[in-house]
Structure formats: structure tokens, C-alpha cells
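Structure file work_0.tsv (TSV, C-alpha atoms and all ligand atoms) follows.
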```
chain	number	residue	atom	x	y	z
A	1	MET	CA	-91.06	-9.87	-18.18
A	2	LEU	CA	-90.61	-13.59	-17.40
A	3	LEU	CA	-87.39	-15.19	-18.56
A	4	THR	CA	-86.24	-18.78	-18.67
A	5	PRO	CA	-82.56	-19.69	-19.05
A	6	VAL	CA	-81.23	-19.93	-22.58
A	7	THR	CA	-79.37	-23.12	-23.41
A	8	THR	CA	-76.01	-22.01	-24.73
A	9	THR	CA	-72.47	-23.15	-24.21
A	10	PRO	CA	-71.26	-22.04	-20.77
A	11	ILE	CA	-68.68	-19.32	-21.24
A	12	GLU	CA	-67.45	-18.87	-17.71
A	13	THR	CA	-66.17	-21.65	-15.47
A	14	SER	CA	-64.79	-21.65	-11.97
A	15	ALA	CA	-62.72	-24.57	-10.74
A	16	GLU	CA	-62.69	-23.01	-7.26
A	17	ALA	CA	-66.46	-23.05	-6.91
A	18	GLY	CA	-66.86	-26.17	-9.07
A	19	ALA	CA	-69.47	-24.30	-11.02
A	20	ILE	CA	-70.48	-23.29	-14.51
A	21	ILE	CA	-72.02	-19.92	-15.29
A	22	GLU	CA	-74.64	-20.28	-17.97
A	23	PRO	CA	-75.50	-17.02	-19.79
A	24	PHE	CA	-79.02	-15.95	-18.92
A	25	ILE	CA	-79.68	-12.23	-19.47
A	26	THR	CA	-77.40	-10.63	-22.04
A	27	GLU	CA	-75.85	-7.17	-21.87
A	28	GLU	CA	-78.17	-6.03	-24.66
A	29	GLU	CA	-81.28	-7.31	-22.84
A	30	LEU	CA	-80.14	-5.60	-19.64
A	31	GLN	CA	-79.52	-2.26	-21.35
A	32	SER	CA	-82.78	-2.36	-23.23
A	33	ARG	CA	-84.83	-3.17	-20.11
A	34	VAL	CA	-83.00	-0.55	-18.03
A	35	GLY	CA	-83.93	2.02	-20.69
A	36	GLU	CA	-87.60	1.01	-20.48
A	37	LEU	CA	-87.59	1.20	-16.68
A	38	ALA	CA	-85.94	4.62	-16.74
A	39	TYR	CA	-88.56	5.89	-19.20
A	40	GLU	CA	-91.40	4.63	-17.00
A	41	ILE	CA	-89.83	6.02	-13.83
A	42	ALA	CA	-89.22	9.39	-15.47
A	43	GLN	CA	-92.87	9.63	-16.59
A	44	ASP	CA	-94.19	8.72	-13.13
A	45	TYR	CA	-91.95	11.14	-11.25
A	46	ARG	CA	-92.68	14.00	-13.70
A	47	ASN	CA	-96.35	13.37	-12.90
A	48	LEU	CA	-95.52	13.36	-9.20
A	49	GLY	CA	-94.07	16.85	-9.71
A	50	VAL	CA	-90.44	16.40	-8.69
A	51	THR	CA	-88.44	19.63	-8.62
A	52	PRO	CA	-84.75	20.46	-8.08
A	53	GLU	CA	-85.72	21.21	-4.46
A	54	GLN	CA	-87.63	17.94	-4.11
A	55	PRO	CA	-86.02	15.58	-6.65
A	56	LEU	CA	-86.43	11.90	-7.34
A	57	HIS	CA	-84.14	10.46	-4.66
A	58	LEU	CA	-82.59	7.16	-5.76
A	59	LEU	CA	-81.41	4.95	-2.90
A	60	GLY	CA	-79.22	1.92	-3.61
A	61	ILE	CA	-78.38	-1.02	-1.37
A	62	LEU	CA	-74.67	-1.79	-1.76
A	63	LYS	CA	-72.91	-3.57	-3.30
A	64	GLY	CA	-74.91	-5.59	-5.81
A	65	VAL	CA	-76.91	-2.63	-7.09
A	66	VAL	CA	-73.93	-0.60	-8.35
A	67	PRO	CA	-74.02	-1.51	-12.09
A	68	PHE	CA	-77.82	-1.33	-12.24
A	69	MET	CA	-77.96	1.99	-10.38
A	70	SER	CA	-75.22	3.41	-12.56
A	71	ASP	CA	-77.04	2.48	-15.79
A	72	LEU	CA	-80.48	3.41	-14.49
A	73	MET	CA	-79.56	6.88	-13.25
A	74	ARG	CA	-77.86	7.74	-16.54
A	75	ALA	CA	-80.90	6.55	-18.48
A	76	ILE	CA	-83.26	8.89	-16.59
A	77	PRO	CA	-83.68	12.02	-18.73
A	78	THR	CA	-82.12	15.17	-17.25
A	79	ASP	CA	-85.44	17.06	-17.14
A	80	VAL	CA	-86.24	14.83	-14.14
A	81	PRO	CA	-84.19	16.17	-11.21
A	82	ALA	CA	-82.57	13.25	-9.40
A	83	SER	CA	-80.24	12.67	-6.47
A	84	VAL	CA	-78.54	9.50	-5.26
A	85	ASP	CA	-77.57	7.94	-1.94
A	86	PHE	CA	-76.44	4.48	-0.82
A	87	MET	CA	-76.81	2.23	2.19
A	88	ALA	CA	-74.88	-0.94	2.99
A	89	ILE	CA	-76.32	-3.80	5.00
A	90	THR	CA	-75.17	-7.23	6.01
A	91	PRO	CA	-77.16	-10.31	7.05
A	92	TYR	CA	-76.90	-11.32	10.71
A	93	GLY	CA	-76.70	-15.00	9.85
A	94	PRO	CA	-75.30	-16.95	6.88
A	95	ASP	CA	-78.72	-17.65	5.40
A	96	THR	CA	-80.93	-14.60	4.75
A	97	ARG	CA	-83.71	-16.88	3.52
A	98	ARG	CA	-84.19	-18.22	7.03
A	99	ASN	CA	-83.61	-15.43	9.51
A	100	GLY	CA	-84.06	-12.21	7.52
A	101	GLY	CA	-82.17	-10.18	10.08
A	102	VAL	CA	-79.92	-7.50	8.63
A	103	ARG	CA	-77.62	-4.88	10.13
A	104	VAL	CA	-76.87	-1.46	8.62
A	105	ILE	CA	-73.12	-1.13	8.12
A	106	LYS	CA	-73.25	2.14	6.14
A	107	ASP	CA	-76.20	4.43	6.65
A	108	LEU	CA	-77.49	6.99	4.17
A	109	ASP	CA	-75.52	10.24	3.97
A	110	ASP	CA	-78.65	12.43	3.93
A	111	PRO	CA	-82.03	12.50	5.68
A	112	ILE	CA	-84.98	11.37	3.53
A	113	GLU	CA	-87.81	13.10	5.39
A	114	GLY	CA	-90.19	14.72	2.89
A	115	ARG	CA	-88.32	13.32	-0.12
A	116	HIS	CA	-89.55	11.22	-3.05
A	117	VAL	CA	-87.53	8.05	-2.45
A	118	LEU	CA	-87.09	5.28	-4.99
A	119	LEU	CA	-85.31	2.31	-3.43
A	120	VAL	CA	-83.28	0.52	-6.09
A	121	GLU	CA	-82.47	-3.18	-5.56
A	122	ASP	CA	-80.54	-5.76	-7.55
A	123	ILE	CA	-82.73	-8.72	-6.62
A	124	VAL	CA	-85.72	-9.40	-4.39
A	125	ASP	CA	-85.76	-13.01	-3.25
A	126	THR	CA	-87.64	-13.83	-0.03
A	127	GLY	CA	-88.31	-10.11	0.41
A	128	LEU	CA	-87.06	-10.21	4.00
A	129	THR	CA	-84.12	-7.86	3.36
A	130	LEU	CA	-86.36	-5.43	1.51
A	131	GLY	CA	-88.98	-5.64	4.26
A	132	TYR	CA	-86.41	-4.66	6.85
A	133	VAL	CA	-85.03	-1.77	4.79
A	134	MET	CA	-88.52	-0.47	3.90
A	135	LYS	CA	-89.52	-0.44	7.57
A	136	LEU	CA	-86.40	1.53	8.41
A	137	LEU	CA	-86.93	4.01	5.56
A	138	ARG	CA	-90.66	4.46	6.32
A	139	SER	CA	-89.79	5.40	9.89
A	140	ARG	CA	-87.83	8.35	8.45
A	141	GLN	CA	-91.01	9.72	6.84
A	142	PRO	CA	-90.25	10.20	3.14
A	143	ALA	CA	-92.90	12.00	1.02
A	144	SER	CA	-93.16	8.82	-1.07
A	145	LEU	CA	-91.40	5.46	-1.08
A	146	ARG	CA	-91.36	3.01	-3.98
A	147	VAL	CA	-89.20	0.06	-4.99
A	148	CYS	CA	-87.46	-0.67	-8.28
A	149	THR	CA	-85.76	-4.06	-8.60
A	150	LEU	CA	-83.82	-5.41	-11.53
A	151	LEU	CA	-84.64	-9.05	-10.70
A	152	ASP	CA	-87.63	-10.53	-8.94
A	153	ARG	CA	-87.67	-14.16	-7.80
A	154	ALA	CA	-91.32	-14.03	-6.79
A	155	SER	CA	-91.66	-17.83	-6.44
A	156	VAL	CA	-89.69	-17.88	-3.16
A	157	ARG	CA	-91.25	-14.81	-1.55
A	158	LEU	CA	-91.84	-15.06	2.19
A	159	LEU	CA	-92.84	-11.44	2.78
A	160	ASP	CA	-95.33	-9.61	0.59
A	161	VAL	CA	-93.59	-6.50	-0.69
A	162	ARG	CA	-94.95	-4.14	-3.33
A	163	LEU	CA	-92.59	-3.64	-6.25
A	164	ALA	CA	-93.41	-0.58	-8.36
A	165	TYR	CA	-90.86	-1.40	-11.09
A	166	THR	CA	-89.43	-4.82	-11.99
A	167	GLY	CA	-86.84	-5.53	-14.66
A	168	PHE	CA	-87.13	-9.31	-15.00
A	169	GLU	CA	-88.96	-12.03	-13.11
A	170	ILE	CA	-86.61	-15.00	-12.78
A	171	PRO	CA	-86.99	-18.66	-11.74
A	172	ASP	CA	-85.51	-20.13	-8.55
A	173	GLN	CA	-81.92	-20.45	-9.73
A	174	PHE	CA	-78.89	-18.70	-8.27
A	175	VAL	CA	-77.67	-15.89	-10.54
A	176	VAL	CA	-74.44	-13.91	-10.70
A	177	GLY	CA	-73.03	-11.01	-12.69
A	178	TYR	CA	-73.97	-7.36	-13.31
A	179	GLY	CA	-73.30	-6.68	-9.61
A	180	LEU	CA	-74.57	-9.97	-8.19
A	181	ASP	CA	-71.97	-12.15	-6.51
A	182	TYR	CA	-71.17	-15.62	-5.29
A	183	ARG	CA	-68.80	-15.10	-2.34
A	184	GLU	CA	-67.81	-11.69	-3.76
A	185	ARG	CA	-66.99	-13.12	-7.20
A	186	TYR	CA	-68.55	-12.45	-10.61
A	187	ARG	CA	-69.87	-8.97	-9.81
A	188	ASN	CA	-67.90	-7.71	-12.81
A	189	LEU	CA	-69.58	-9.94	-15.41
A	190	PRO	CA	-71.36	-7.58	-17.82
A	191	TYR	CA	-74.28	-10.04	-18.17
A	192	ILE	CA	-76.31	-12.16	-15.76
A	193	GLY	CA	-75.65	-15.88	-15.64
A	194	VAL	CA	-77.16	-18.83	-13.84
A	195	MET	CA	-74.72	-20.60	-11.57
A	196	LYS	CA	-74.79	-24.38	-11.92
A	197	SER	CA	-72.73	-27.18	-10.36
A	198	GLN	CA	-70.53	-29.10	-12.77
B	1	LIG	P1	-83.96	-11.60	0.30
B	1	LIG	O1	-83.88	-10.94	1.63
B	1	LIG	O2	-84.16	-13.09	0.42
B	1	LIG	O3	-84.96	-10.97	-0.64
B	1	LIG	O4	-82.49	-11.52	-0.34
B	1	LIG	C1	-82.04	-10.45	-1.03
B	1	LIG	C2	-80.55	-10.47	-1.10
B	1	LIG	O5	-80.01	-11.81	-1.20
B	1	LIG	C3	-80.10	-9.76	-2.36
B	1	LIG	O6	-79.97	-8.37	-2.14
B	1	LIG	C4	-78.79	-10.45	-2.67
B	1	LIG	O7	-77.74	-9.85	-1.95
B	1	LIG	C5	-78.96	-11.85	-2.16
B	1	LIG	N1	-79.37	-12.80	-3.23
B	1	LIG	C6	-80.55	-13.42	-3.35
B	1	LIG	N2	-80.57	-14.19	-4.44
B	1	LIG	C7	-79.37	-14.06	-5.03
B	1	LIG	C8	-78.78	-14.62	-6.24
B	1	LIG	O8	-79.38	-15.39	-7.00
B	1	LIG	N3	-77.52	-14.22	-6.51
B	1	LIG	C9	-76.80	-13.36	-5.74
B	1	LIG	N4	-77.32	-12.82	-4.62
B	1	LIG	C10	-78.58	-13.16	-4.27
```
Conversion result in C-alpha cells:
Amino acid sequence: MLLTPVTTTPIETSAEAGAIIEPFITEEELQSRVGELAYEIAQDYRNLGVTPEQPLHLLGILKGVVPFMSDLMRAIPTDVPASVDFMAITPYGPDTRRNGGVRVIKDLDDPIEGRHVLLVEDIVDTGLTLGYVMKLLRSRQPASLRVCTLLDRASVRLLDVRLAYTGFEIPDQFVVGYGLDYRERYRNLPYIGVMKSQ
């Protein structure tokens, strides 16, 4: 689903950042798309034959993914056995678009060998972060490994990564809200907005 920003009156301003947040994806659009993704994921993993012993294993990359993961996991019907784990990473340098190096600061709690892993991401931009995480996860030999991202900014991709499930494809504009931050702010916005200079 390709979205372009809606032109509405900005409803969030930040003097500190000198920025305006322009509403982009509403709460209703987020919830509706999350429901569709959950339905599709549930169908696919039923077909894959997940069981309580070998469930759909949802892995989230902290912290941006928290609202999306929380909504997605609750939207997956309970006949599909599911488990959840999280990993936290941090970029080595200030600009992930240039160096792509990341460091694991909180590893997964459980091994993933032989498990059906679905990596859940908030946004895939250059794909460098995802590439690093996928390489790490693949080395742990899961039974299957797929990616679900809420947002995909495909126009700036530097590394070709296969996304099994995508919520919204977005243009090259910085977005905040619904988990996504600008210097740790705006994660608690219930919608996604485009950040613009005043
Ligand atoms: P990539 O390695 O370039 O794909 O960057 C992915 C990471 O950069 C995401 O997990 C976010 O943490 C961050 N990021 C990229 N674009 C945005 C944005 O528009 N808003 C907030 N964070 C972003």
C-alpha cells in the first residue's frame, strides 16, 4: 500500500526541535492494516503447520517496534500458537545510512534454532540494519525466517532484503510516532506523522 502525506493542519509542534509533525497515517489506518497483516500471517503460518511445540516465533527489534508488535500479536488469532522475544541493537555511528554497523545491546532470551521466526520491524530504510540482524539470526539456524515491517521506505534501499509482509510503503520523509522517534521523542504518538522543519 503506497501512501503520500495528507495535507492537514499540523497538530503537534516542537519548539525544541523546530519542527512540525504533519499527520500521515492515522490510528484507524494503522489498526486496519495491522489487522490485515495479522490475518495474512495467521493463514501462512497455519499452512506452515505451526504447533504449540513449534509456534510462530515473533522477534521484535527494540524500541520502535513495541506498539506495532503489541497490536500485531493481539490481532493474530489464538488458534495460531505464537511466542515473542525481543532484541535491542544500537548503531555504531551516528548515521546508520552510511555505515550500517550495529551492535547488539540486548540479545534474545531464547535460542531460535529449529523455530519458525518472524522478525518484526518498525521501518526498513536502507536495509542495512535488517541485513545485519538477518545474518545474525540465520547463523542460529531457525526452521524458517521471514520479515514483517510496518513501514518500508524502498526508495532509499542500499541492501536488497526480502520483506514477506509490509504495512505501508512510504516516501523519503522522516516519520515519527507509533514507536518511531526523533531523539527518543514522539514514540507515544498514537499515529504516524511526517516531521518537517518550520
Ligand atoms: P536502516 O538500517 O537504514 O534500514 O534503518 C533502520 C532504522 O533506522 C529503523 O529501525 C529506525 O530505528 C531508524 N529509522 C529510519 N528511518 C526512520 C524514520 O523515518 N523515523 C524514525 N526512525 C527511522
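Of the residues under consideration (A:Thr51, A:Ser197, A:Gln173, A:Gln31), A:Gln173 shows the shortest atom-to-atom contact distance to ligand LIG 1 (chain B) when counting all atoms listed in the file.
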For Ile105 (chain A), the nearest of the candidates A:Ile89, A:Ala38, A:Val176, A:Leu48, counting all atoms listed in the file: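 Closest residue, counting all atoms listed in the file: A:Ile89.
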Enclose the full set of atoms of ligand LIG 1 (chain B) listed in the file within a box whose edges lie along x, y and z, apply 8 Å of padding to each of the six sides, and report centre and edge lengths in Å to one decimal as lines of an AutoDock Vina configuration file.
```
center_x = -80.9
center_y = -11.9
center_z = -2.7
size_x = 24.2
size_y = 23.0
size_z = 24.6
```
Length of the CA of Leu59 (chain A) to CA of Glu169 (chain A) vector [Å]: 21.2 Å
Can you tell me, as an MDAnalysis selection string, what residues are no more than 6 Å from region 113-120 of chain A when counting all atoms listed in the file, ignoring any on the same chain fewer than 5 positions away? chainID A and resid 56:60 140:149
Would you mind putting back N, CA and C atoms on region 31-64 of chain A, then writing it out as a PDB file, in the coordinates of the input?
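Output file rebuild-v4.pdb is given in full below:
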```
ATOM      1  N   GLN A  31     -79.498  -3.688 -20.979  1.00  0.00           N
ATOM      2  CA  GLN A  31     -79.520  -2.260 -21.350  1.00  0.00           C
ATOM      3  C   GLN A  31     -80.882  -1.840 -21.866  1.00  0.00           C
ATOM      4  N   SER A  32     -81.482  -2.703 -22.656  1.00  0.00           N
ATOM      5  CA  SER A  32     -82.780  -2.360 -23.230  1.00  0.00           C
ATOM      6  C   SER A  32     -83.847  -2.256 -22.128  1.00  0.00           C
ATOM      7  N   ARG A  33     -83.835  -3.191 -21.189  1.00  0.00           N
ATOM      8  CA  ARG A  33     -84.830  -3.170 -20.110  1.00  0.00           C
ATOM      9  C   ARG A  33     -84.595  -1.991 -19.156  1.00  0.00           C
ATOM     10  N   VAL A  34     -83.323  -1.696 -18.899  1.00  0.00           N
ATOM     11  CA  VAL A  34     -83.000  -0.550 -18.030  1.00  0.00           C
ATOM     12  C   VAL A  34     -83.546   0.735 -18.662  1.00  0.00           C
ATOM     13  N   GLY A  35     -83.402   0.854 -19.975  1.00  0.00           N
ATOM     14  CA  GLY A  35     -83.930   2.020 -20.690  1.00  0.00           C
ATOM     15  C   GLY A  35     -85.439   2.135 -20.534  1.00  0.00           C
ATOM     16  N   GLU A  36     -86.134   0.993 -20.632  1.00  0.00           N
ATOM     17  CA  GLU A  36     -87.600   1.010 -20.480  1.00  0.00           C
ATOM     18  C   GLU A  36     -88.002   1.410 -19.066  1.00  0.00           C
ATOM     19  N   LEU A  37     -87.284   0.858 -18.088  1.00  0.00           N
ATOM     20  CA  LEU A  37     -87.590   1.200 -16.680  1.00  0.00           C
ATOM     21  C   LEU A  37     -87.373   2.683 -16.430  1.00  0.00           C
ATOM     22  N   ALA A  38     -86.262   3.202 -16.957  1.00  0.00           N
ATOM     23  CA  ALA A  38     -85.940   4.620 -16.740  1.00  0.00           C
ATOM     24  C   ALA A  38     -87.012   5.515 -17.357  1.00  0.00           C
ATOM     25  N   TYR A  39     -87.518   5.124 -18.525  1.00  0.00           N
ATOM     26  CA  TYR A  39     -88.560   5.890 -19.200  1.00  0.00           C
ATOM     27  C   TYR A  39     -89.823   5.931 -18.337  1.00  0.00           C
ATOM     28  N   GLU A  40     -90.198   4.745 -17.836  1.00  0.00           N
ATOM     29  CA  GLU A  40     -91.400   4.630 -17.000  1.00  0.00           C
ATOM     30  C   GLU A  40     -91.256   5.424 -15.704  1.00  0.00           C
ATOM     31  N   ILE A  41     -90.092   5.301 -15.090  1.00  0.00           N
ATOM     32  CA  ILE A  41     -89.830   6.020 -13.830  1.00  0.00           C
ATOM     33  C   ILE A  41     -89.879   7.526 -14.079  1.00  0.00           C
ATOM     34  N   ALA A  42     -89.245   7.959 -15.162  1.00  0.00           N
ATOM     35  CA  ALA A  42     -89.220   9.390 -15.470  1.00  0.00           C
ATOM     36  C   ALA A  42     -90.638   9.936 -15.644  1.00  0.00           C
ATOM     37  N   GLN A  43     -91.475   9.194 -16.384  1.00  0.00           N
ATOM     38  CA  GLN A  43     -92.870   9.630 -16.590  1.00  0.00           C
ATOM     39  C   GLN A  43     -93.599   9.764 -15.258  1.00  0.00           C
ATOM     40  N   ASP A  44     -93.470   8.742 -14.406  1.00  0.00           N
ATOM     41  CA  ASP A  44     -94.190   8.720 -13.130  1.00  0.00           C
ATOM     42  C   ASP A  44     -93.741   9.864 -12.212  1.00  0.00           C
ATOM     43  N   TYR A  45     -92.439  10.124 -12.181  1.00  0.00           N
ATOM     44  CA  TYR A  45     -91.950  11.140 -11.250  1.00  0.00           C
ATOM     45  C   TYR A  45     -92.159  12.550 -11.804  1.00  0.00           C
ATOM     46  N   ARG A  46     -92.256  12.698 -13.123  1.00  0.00           N
ATOM     47  CA  ARG A  46     -92.680  14.000 -13.700  1.00  0.00           C
ATOM     48  C   ARG A  46     -94.104  14.270 -13.227  1.00  0.00           C
ATOM     49  N   ASN A  47     -94.947  13.221 -13.320  1.00  0.00           N
ATOM     50  CA  ASN A  47     -96.350  13.370 -12.900  1.00  0.00           C
ATOM     51  C   ASN A  47     -96.466  13.658 -11.411  1.00  0.00           C
ATOM     52  N   LEU A  48     -95.518  13.139 -10.656  1.00  0.00           N
ATOM     53  CA  LEU A  48     -95.520  13.360  -9.200  1.00  0.00           C
ATOM     54  C   LEU A  48     -95.057  14.781  -8.882  1.00  0.00           C
ATOM     55  N   GLY A  49     -94.477  15.450  -9.871  1.00  0.00           N
ATOM     56  CA  GLY A  49     -94.070  16.850  -9.710  1.00  0.00           C
ATOM     57  C   GLY A  49     -92.751  17.050  -9.007  1.00  0.00           C
ATOM     58  N   VAL A  50     -91.755  16.188  -9.315  1.00  0.00           N
ATOM     59  CA  VAL A  50     -90.440  16.400  -8.690  1.00  0.00           C
ATOM     60  C   VAL A  50     -89.829  17.702  -9.190  1.00  0.00           C
ATOM     61  N   THR A  51     -89.072  18.335  -8.319  1.00  0.00           N
ATOM     62  CA  THR A  51     -88.440  19.630  -8.620  1.00  0.00           C
ATOM     63  C   THR A  51     -86.973  19.525  -8.178  1.00  0.00           C
ATOM     64  N   PRO A  52     -86.126  20.488  -8.575  1.00  0.00           N
ATOM     65  CA  PRO A  52     -84.750  20.460  -8.080  1.00  0.00           C
ATOM     66  C   PRO A  52     -84.693  20.512  -6.548  1.00  0.00           C
ATOM     67  N   GLU A  53     -85.693  21.152  -5.932  1.00  0.00           N
ATOM     68  CA  GLU A  53     -85.720  21.210  -4.460  1.00  0.00           C
ATOM     69  C   GLU A  53     -86.218  19.896  -3.866  1.00  0.00           C
ATOM     70  N   GLN A  54     -87.115  19.229  -4.584  1.00  0.00           N
ATOM     71  CA  GLN A  54     -87.630  17.940  -4.110  1.00  0.00           C
ATOM     72  C   GLN A  54     -87.506  16.927  -5.260  1.00  0.00           C
ATOM     73  N   PRO A  55     -86.265  16.455  -5.496  1.00  0.00           N
ATOM     74  CA  PRO A  55     -86.020  15.580  -6.650  1.00  0.00           C
ATOM     75  C   PRO A  55     -86.431  14.130  -6.399  1.00  0.00           C
ATOM     76  N   LEU A  56     -86.353  13.354  -7.453  1.00  0.00           N
ATOM     77  CA  LEU A  56     -86.430  11.900  -7.340  1.00  0.00           C
ATOM     78  C   LEU A  56     -85.146  11.472  -6.616  1.00  0.00           C
ATOM     79  N   HIS A  57     -85.306  10.811  -5.472  1.00  0.00           N
ATOM     80  CA  HIS A  57     -84.140  10.460  -4.660  1.00  0.00           C
ATOM     81  C   HIS A  57     -83.907   8.957  -4.776  1.00  0.00           C
ATOM     82  N   LEU A  58     -82.887   8.580  -5.524  1.00  0.00           N
ATOM     83  CA  LEU A  58     -82.590   7.160  -5.760  1.00  0.00           C
ATOM     84  C   LEU A  58     -81.721   6.624  -4.634  1.00  0.00           C
ATOM     85  N   LEU A  59     -82.188   5.555  -3.997  1.00  0.00           N
ATOM     86  CA  LEU A  59     -81.410   4.950  -2.900  1.00  0.00           C
ATOM     87  C   LEU A  59     -80.998   3.537  -3.297  1.00  0.00           C
ATOM     88  N   GLY A  60     -79.708   3.257  -3.255  1.00  0.00           N
ATOM     89  CA  GLY A  60     -79.220   1.920  -3.610  1.00  0.00           C
ATOM     90  C   GLY A  60     -78.708   1.174  -2.405  1.00  0.00           C
ATOM     91  N   ILE A  61     -78.924  -0.159  -2.428  1.00  0.00           N
ATOM     92  CA  ILE A  61     -78.380  -1.020  -1.370  1.00  0.00           C
ATOM     93  C   ILE A  61     -77.092  -1.641  -1.921  1.00  0.00           C
ATOM     94  N   LEU A  62     -75.983  -1.287  -1.317  1.00  0.00           N
ATOM     95  CA  LEU A  62     -74.670  -1.790  -1.760  1.00  0.00           C
ATOM     96  C   LEU A  62     -74.513  -3.268  -1.412  1.00  0.00           C
ATOM     97  N   LYS A  63     -73.681  -4.058  -2.176  1.00  0.00           N
ATOM     98  CA  LYS A  63     -72.910  -3.570  -3.300  1.00  0.00           C
ATOM     99  C   LYS A  63     -73.528  -3.996  -4.627  1.00  0.00           C
ATOM    100  N   GLY A  64     -74.413  -4.989  -4.579  1.00  0.00           N
ATOM    101  CA  GLY A  64     -74.910  -5.590  -5.810  1.00  0.00           C
ATOM    102  C   GLY A  64     -75.586  -4.630  -6.774  1.00  0.00           C
TER     103      GLY A  64
END
```
